[in-house]
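Next comes input_32.csv, with CSV, C-alpha atoms.
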```csv
chain,number,residue,atom,x,y,z
A,1,MET,CA,2.5,3.8,-0.4
A,2,ILE,CA,0.4,6.8,0.7
A,3,SER,CA,-1.9,4.7,2.9
A,4,ASP,CA,1.1,3.6,5.0
A,5,LEU,CA,2.2,7.1,5.9
A,6,TYR,CA,-0.1,8.2,8.7
A,7,MET,CA,-1.3,5.0,10.4
A,8,ASP,CA,-4.1,6.0,12.8
A,9,LYS,CA,-5.2,9.1,10.9
A,10,ILE,CA,-5.5,7.5,7.4
A,11,ARG,CA,-8.0,4.8,6.8
A,12,ASN,CA,-8.4,4.1,10.5
A,13,LYS,CA,-10.2,0.7,10.2
A,14,ASP,CA,-12.3,1.0,13.3
A,15,LYS,CA,-13.6,4.4,12.2
A,16,ILE,CA,-14.0,3.8,8.5
A,17,LYS,CA,-15.9,0.6,9.2
A,18,ALA,CA,-18.0,2.0,12.0
A,19,SER,CA,-21.8,1.8,11.8
A,20,GLU,CA,-22.1,5.6,11.6
A,21,ILE,CA,-19.8,7.7,9.5
A,22,THR,CA,-19.8,11.3,8.3
A,23,ILE,CA,-17.9,12.1,5.0
A,24,LEU,CA,-16.5,15.5,4.1
A,25,GLY,CA,-15.1,15.2,0.6
A,26,GLY,CA,-13.3,17.6,-1.7
A,27,SER,CA,-10.0,18.5,-3.2
A,28,PHE,CA,-8.7,20.1,0.0
A,29,ASN,CA,-6.1,22.0,-2.1
A,30,PRO,CA,-5.5,23.2,0.6
A,31,VAL,CA,-7.8,22.3,3.5
A,32,HIS,CA,-8.9,25.6,5.2
A,33,ASN,CA,-10.7,26.8,8.3
A,34,GLY,CA,-14.1,26.7,6.5
A,35,HIS,CA,-13.7,23.0,6.1
A,36,ILE,CA,-12.8,22.5,9.7
A,37,LYS,CA,-15.7,24.7,10.8
A,38,MET,CA,-18.2,22.5,8.9
A,39,ALA,CA,-16.8,19.4,10.7
A,40,GLN,CA,-17.0,21.2,14.0
A,41,THR,CA,-20.6,22.3,13.4
A,42,ALA,CA,-21.6,18.8,12.4
A,43,HIS,CA,-20.1,17.5,15.6
A,44,GLU,CA,-21.6,20.2,17.9
A,45,GLN,CA,-25.0,20.4,16.3
A,46,PHE,CA,-25.7,16.7,15.7
A,47,GLY,CA,-23.3,14.9,18.0
A,48,LEU,CA,-21.4,13.2,15.1
A,49,ASP,CA,-18.1,11.9,16.4
A,50,ASN,CA,-16.7,10.1,13.3
A,51,ILE,CA,-16.1,12.7,10.7
A,52,VAL,CA,-13.8,11.6,7.9
A,53,PHE,CA,-12.1,14.0,5.5
A,54,MET,CA,-11.8,12.2,2.1
A,55,PRO,CA,-9.8,14.0,-0.6
A,56,ASN,CA,-10.3,13.0,-4.2
A,57,LYS,CA,-7.7,12.0,-6.7
A,58,SER,CA,-5.5,14.8,-8.0
A,59,THR,CA,-5.4,13.5,-11.5
A,60,TYR,CA,-9.0,14.4,-11.8
A,61,TYR,CA,-7.7,18.0,-12.0
A,62,LYS,CA,-4.7,17.3,-14.2
A,63,ASP,CA,-5.1,20.6,-16.0
A,64,ASN,CA,-4.7,22.5,-12.8
A,65,GLU,CA,-1.1,23.4,-12.4
A,66,GLN,CA,-1.6,24.5,-8.8
A,67,PHE,CA,-2.8,21.1,-7.7
A,68,VAL,CA,-0.3,19.7,-5.2
A,69,SER,CA,0.5,16.0,-4.7
A,70,ASP,CA,-1.9,13.6,-3.0
A,71,ALA,CA,0.7,13.1,-0.2
A,72,ALA,CA,0.9,16.9,0.4
A,73,ARG,CA,-2.9,17.2,0.6
A,74,LEU,CA,-3.1,14.3,3.0
A,75,GLU,CA,-0.3,15.7,5.2
A,76,MET,CA,-2.1,19.0,5.4
A,77,LEU,CA,-5.3,17.2,6.4
A,78,ARG,CA,-3.4,15.2,9.0
A,79,LEU,CA,-2.0,18.4,10.5
A,80,ALA,CA,-5.4,20.1,10.4
A,81,THR,CA,-7.3,17.3,12.1
A,82,GLU,CA,-4.8,15.8,14.5
A,83,ASP,CA,-6.0,17.9,17.5
A,84,TYR,CA,-9.7,16.7,17.1
A,85,ASP,CA,-10.4,13.2,18.3
A,86,TYR,CA,-13.6,13.0,16.2
A,87,MET,CA,-11.9,13.9,12.9
A,88,THR,CA,-9.9,11.5,10.8
A,89,LEU,CA,-9.1,11.1,7.1
A,90,SER,CA,-9.2,8.5,4.4
A,91,ASP,CA,-7.3,7.9,1.2
A,92,MET,CA,-10.1,5.7,-0.2
A,93,GLU,CA,-10.8,7.9,-3.3
A,94,ILE,CA,-7.1,8.6,-3.9
A,95,LYS,CA,-6.4,4.8,-3.9
A,96,ARG,CA,-9.3,4.2,-6.3
A,97,GLY,CA,-7.8,6.6,-8.7
A,98,GLY,CA,-9.3,8.1,-11.9
A,99,THR,CA,-12.5,10.1,-11.9
A,100,THR,CA,-14.4,9.3,-8.7
A,101,HIS,CA,-18.1,10.0,-8.2
A,102,THR,CA,-19.7,10.3,-4.8
A,103,ILE,CA,-22.0,7.4,-5.5
A,104,ASP,CA,-18.9,5.1,-6.0
A,105,THR,CA,-17.7,6.0,-2.5
A,106,VAL,CA,-21.1,5.5,-1.0
A,107,ARG,CA,-21.4,2.1,-2.5
A,108,GLU,CA,-17.9,1.1,-1.3
A,109,LEU,CA,-18.8,2.2,2.3
A,110,LEU,CA,-22.0,0.3,2.2
A,111,TYR,CA,-20.2,-2.8,0.8
A,112,GLU,CA,-18.0,-2.7,3.9
A,113,ASN,CA,-21.1,-2.4,6.2
A,114,GLU,CA,-24.5,-2.5,4.6
A,115,ASP,CA,-26.3,-1.4,7.8
A,116,ARG,CA,-24.3,1.7,8.4
A,117,THR,CA,-25.6,5.2,8.4
A,118,ILE,CA,-23.7,7.6,6.1
A,119,TYR,CA,-23.8,11.3,6.6
A,120,PHE,CA,-22.4,13.4,3.8
A,121,ILE,CA,-21.5,17.1,4.3
A,122,ILE,CA,-21.9,19.4,1.3
A,123,GLY,CA,-21.8,23.2,0.9
A,124,GLY,CA,-25.1,25.0,0.4
A,125,ASP,CA,-24.1,25.9,-3.1
A,126,SER,CA,-24.0,22.1,-4.0
A,127,LEU,CA,-27.5,21.3,-2.6
A,128,GLU,CA,-29.3,22.8,-5.6
A,129,TRP,CA,-27.5,20.4,-7.9
A,130,ILE,CA,-27.3,17.3,-5.9
A,131,ASP,CA,-29.9,15.4,-7.9
A,132,LYS,CA,-28.0,16.3,-11.1
A,133,TRP,CA,-24.9,14.5,-9.8
A,134,VAL,CA,-24.1,11.0,-11.2
A,135,GLU,CA,-26.9,8.8,-9.8
A,136,GLY,CA,-27.9,11.7,-7.6
A,137,ASP,CA,-31.2,10.0,-6.8
A,138,LYS,CA,-29.3,7.1,-5.3
A,139,ILE,CA,-27.2,9.4,-3.2
A,140,LEU,CA,-30.4,11.0,-1.8
A,141,GLU,CA,-31.7,7.5,-1.1
A,142,PHE,CA,-28.6,6.1,0.6
A,143,VAL,CA,-27.2,9.0,2.7
A,144,VAL,CA,-28.2,11.7,5.1
A,145,LEU,CA,-27.2,15.0,3.6
A,146,LEU,CA,-25.8,17.7,5.9
A,147,THR,CA,-25.7,21.0,4.1
A,148,ALA,CA,-23.9,24.1,5.4
A,149,VAL,CA,-25.9,27.3,5.3
A,150,ARG,CA,-24.7,30.8,6.2
A,151,GLY,CA,-27.1,33.6,7.2
A,152,GLU,CA,-30.9,34.0,7.1
A,153,THR,CA,-31.0,34.4,3.3
A,154,ASP,CA,-29.1,31.2,2.7
A,155,ILE,CA,-31.3,29.3,5.2
A,156,LYS,CA,-34.5,30.5,3.4
A,157,LYS,CA,-33.1,29.5,0.0
A,158,SER,CA,-31.9,26.1,1.3
A,159,ASN,CA,-35.2,25.3,2.8
A,160,GLU,CA,-36.9,26.0,-0.5
A,161,ILE,CA,-34.5,23.7,-2.3
A,162,ILE,CA,-35.0,21.0,0.4
A,163,ASN,CA,-38.8,21.2,0.0
A,164,LYS,CA,-38.5,20.7,-3.7
A,165,LEU,CA,-36.1,17.8,-3.2
A,166,TYR,CA,-38.6,16.2,-0.8
A,167,GLU,CA,-41.3,16.5,-3.4
A,168,LEU,CA,-39.2,14.6,-5.9
A,169,TYR,CA,-37.5,12.2,-3.4
A,170,PRO,CA,-39.8,11.6,-0.4
A,171,ASN,CA,-37.3,9.2,1.2
A,172,ALA,CA,-34.5,11.8,1.2
A,173,ASP,CA,-33.1,13.0,4.5
A,174,ILE,CA,-31.5,16.4,4.5
A,175,LEU,CA,-30.4,18.4,7.5
A,176,LEU,CA,-29.1,22.0,7.8
A,177,LEU,CA,-25.8,22.9,9.4
A,178,ASP,CA,-26.4,26.3,10.9
A,179,MET,CA,-22.9,27.9,10.9
A,180,ASP,CA,-21.4,31.4,10.9
A,181,ASP,CA,-20.3,32.8,7.5
A,182,THR,CA,-16.8,31.7,6.6
A,183,PRO,CA,-16.0,33.3,3.3
A,184,ILE,CA,-12.9,31.3,2.6
A,185,SER,CA,-11.9,29.4,-0.6
A,186,SER,CA,-9.0,27.2,-1.5
A,187,SER,CA,-8.5,29.1,-4.8
A,188,ASP,CA,-8.2,32.4,-2.9
A,189,ILE,CA,-5.7,30.9,-0.6
A,190,ARG,CA,-3.6,29.7,-3.5
A,191,ARG,CA,-3.8,33.1,-5.1
A,192,ARG,CA,-2.7,34.8,-1.9
A,193,VAL,CA,0.3,32.5,-1.5
A,194,GLU,CA,1.3,33.0,-5.2
A,195,SER,CA,1.1,36.7,-4.7
A,196,GLU,CA,3.1,36.5,-1.4
A,197,ASN,CA,0.1,37.7,0.7
A,198,ALA,CA,-0.6,36.4,4.2
A,199,ILE,CA,-3.0,33.5,4.7
A,200,THR,CA,-2.9,33.7,8.5
A,201,GLY,CA,-6.4,32.9,9.9
A,202,LEU,CA,-7.6,31.3,6.7
A,203,VAL,CA,-6.0,27.9,7.3
A,204,PRO,CA,-5.0,26.1,10.5
A,205,GLN,CA,-1.6,27.4,11.8
A,206,LYS,CA,0.1,24.0,11.2
A,207,VAL,CA,-1.1,24.0,7.6
A,208,GLU,CA,0.1,27.5,7.0
A,209,GLN,CA,3.6,26.5,8.2
A,210,TYR,CA,3.6,23.4,6.1
A,211,ILE,CA,2.7,25.4,3.0
A,212,LEU,CA,5.4,28.0,3.7
A,213,ASP,CA,8.0,25.4,4.6
A,214,ASN,CA,7.4,23.4,1.4
A,215,LYS,CA,6.8,26.4,-0.8
A,216,LEU,CA,3.4,25.1,-2.0
A,217,TYR,CA,1.5,27.2,-4.5
A,218,TRP,CA,4.4,29.6,-4.9
A,219,ARG,CA,5.0,31.2,-8.3
A,220,ALA,CA,7.6,29.2,-10.2
```

Would you mind writing the structure in this file as structure tokens?
Amino acid sequence: MISDLYMDKIRNKDKIKASEITILGGSFNPVHNGHIKMAQTAHEQFGLDNIVFMPNKSTYYKDNEQFVSDAARLEMLRLATEDYDYMTLSDMEIKRGGTTHTIDTVRELLYENEDRTIYFIIGGDSLEWIDKWVEGDKILEFVVLLTAVRGETDIKKSNEIINKLYELYPNADILLLDMDDTPISSSDIRRRVESENAITGLVPQKVEQYILDNKLYWRA
């Protein structure tokens, strides 16, 4: 079972059931330095010390031939986060299986502890569409959004979007993560590996070695 592989780092019960939790979700195919930078910024800027990386189920992307196994993505996350005591990971969405929506995870976390505060990190490009997500209005009601912005132009645009969301959802709580530009994407990393180009500096060193040792994303 995947949830038995990594003990303290996966589904750490004390952290997952804590009264304050920060979720960073995604496919993490693979996790890269941009993801780590978002978690670091949330920790440094807002003092958040329980940041949980939560990969979604790979079958959701079954048409993507470059999608590696759940176990491989979890292992890369373990390697990427093991040197940070405020970062951990959870296989909650993987265990749930099928198509998982953010609101499902929010409800499960609140079911475990109805009084907890949930922070949810999203990229600035997702902020504009957050209210279009499945039950996006409930997400805005139940969680504190942390949105990553890069550069003055992005900050200006994000503030405009936030003001519009506040008009529609007065009880929303949205904070900006002010971080340096990190133009890294998992899809670009996969293309680089497939083309036998270097990915040094784009992913944590341990993750890079794991990808190379296990020949992930290589051309068949």

Nearby residues, (0.1, 34.0, 0.4) file frame, 12 Å, all atoms listed in the file, as a VMD selection string: chain A and resid 186 to 203 208 to 209 211 to 212 215 to 219

Which residues are close to Ala172 in chain A, i.e. within 10 Å by all atoms listed in the file, leaving aside same-chain residues fewer than 5 positions away? Reply as an NGL selection string. :A and (137-145 or 162 or 165-167)

Residue neighbourhood Ile21 in chain A, 7 Å, all atoms listed in the file, exclusion window fewer than 2 positions, as a PDB file with C-alpha atoms, in the coordinates of the input:
```
ATOM      1  CA  ALA A  18     -18.000   2.000  12.000  1.00  0.00           C
ATOM      2  CA  SER A  19     -21.800   1.800  11.800  1.00  0.00           C
ATOM      3  CA  ILE A  23     -17.900  12.100   5.000  1.00  0.00           C
ATOM      4  CA  ASN A  50     -16.700  10.100  13.300  1.00  0.00           C
ATOM      5  CA  ILE A  51     -16.100  12.700  10.700  1.00  0.00           C
ATOM      6  CA  THR A 117     -25.600   5.200   8.400  1.00  0.00           C
ATOM      7  CA  ILE A 118     -23.700   7.600   6.100  1.00  0.00           C
ATOM      8  CA  TYR A 119     -23.800  11.300   6.600  1.00  0.00           C
TER       9      TYR A 119
END
```

Which residue is closest to Lys95 in chain A? Choose from A:Lys57, A:Arg116, A:His35, A:His43 and count only C-alpha atoms. A:Lys57

Using all atoms listed in the file, the shortest atom-to-atom distance to Ile103 in chain A among A:Asp70, A:Ile122, A:Glu75, A:Glu135 belongs to A:Glu135

If you measure from CA of Phe28 in chain A to CA of Glu114 in chain A, what distance in Å do you get, rounded to one decimal? 28.0 Å

Residues near Ala80 in chain A, cut-off 9 Å, all atoms listed in the file, skip fewer than 5 positions along chain, as a ChimeraX atom specification: /A:31-33,36,75,203-207

Top pick for closest residue to Glu128 in chain A, considering A:Glu160, A:Glu108, A:Asp115, A:Glu20 and counting all atoms listed in the file: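 When distances to Glu128 in chain A are compared using all atoms listed in the file, the smallest one comes from A:Glu160.
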
One-decimal distance in Å that lies between CA of Ala148 in chain A and CA of Gly34 in chain A: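 A separation of 10.2 Å between them.
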
In Å, how far is it from CA of Thr88 in chain A to CA of Thr100 in chain A?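 CA of Thr100 in chain A lies 20.1 Å from CA of Thr88 in chain A.
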
Given all atoms listed in the file as the counted atoms, nearest of A:Leu74, A:Met54, A:Ile161, A:Ile155 to Thr105 in chain A: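 Looking at the shortest contact to Thr105 in chain A, the residue is A:Met54.
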
Just checking: using all atoms listed in the file, which residue out of A:Thr81, A:Asn159, A:Ser90, A:Thr41 ends up closest to Leu177 in chain A? A:Thr41

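Counting only C-alpha atoms and comparing A:Asn29, A:Arg78, A:Ala39, A:Leu176, the residue that lies closest to Gln66 in chain A is A:Asn29.
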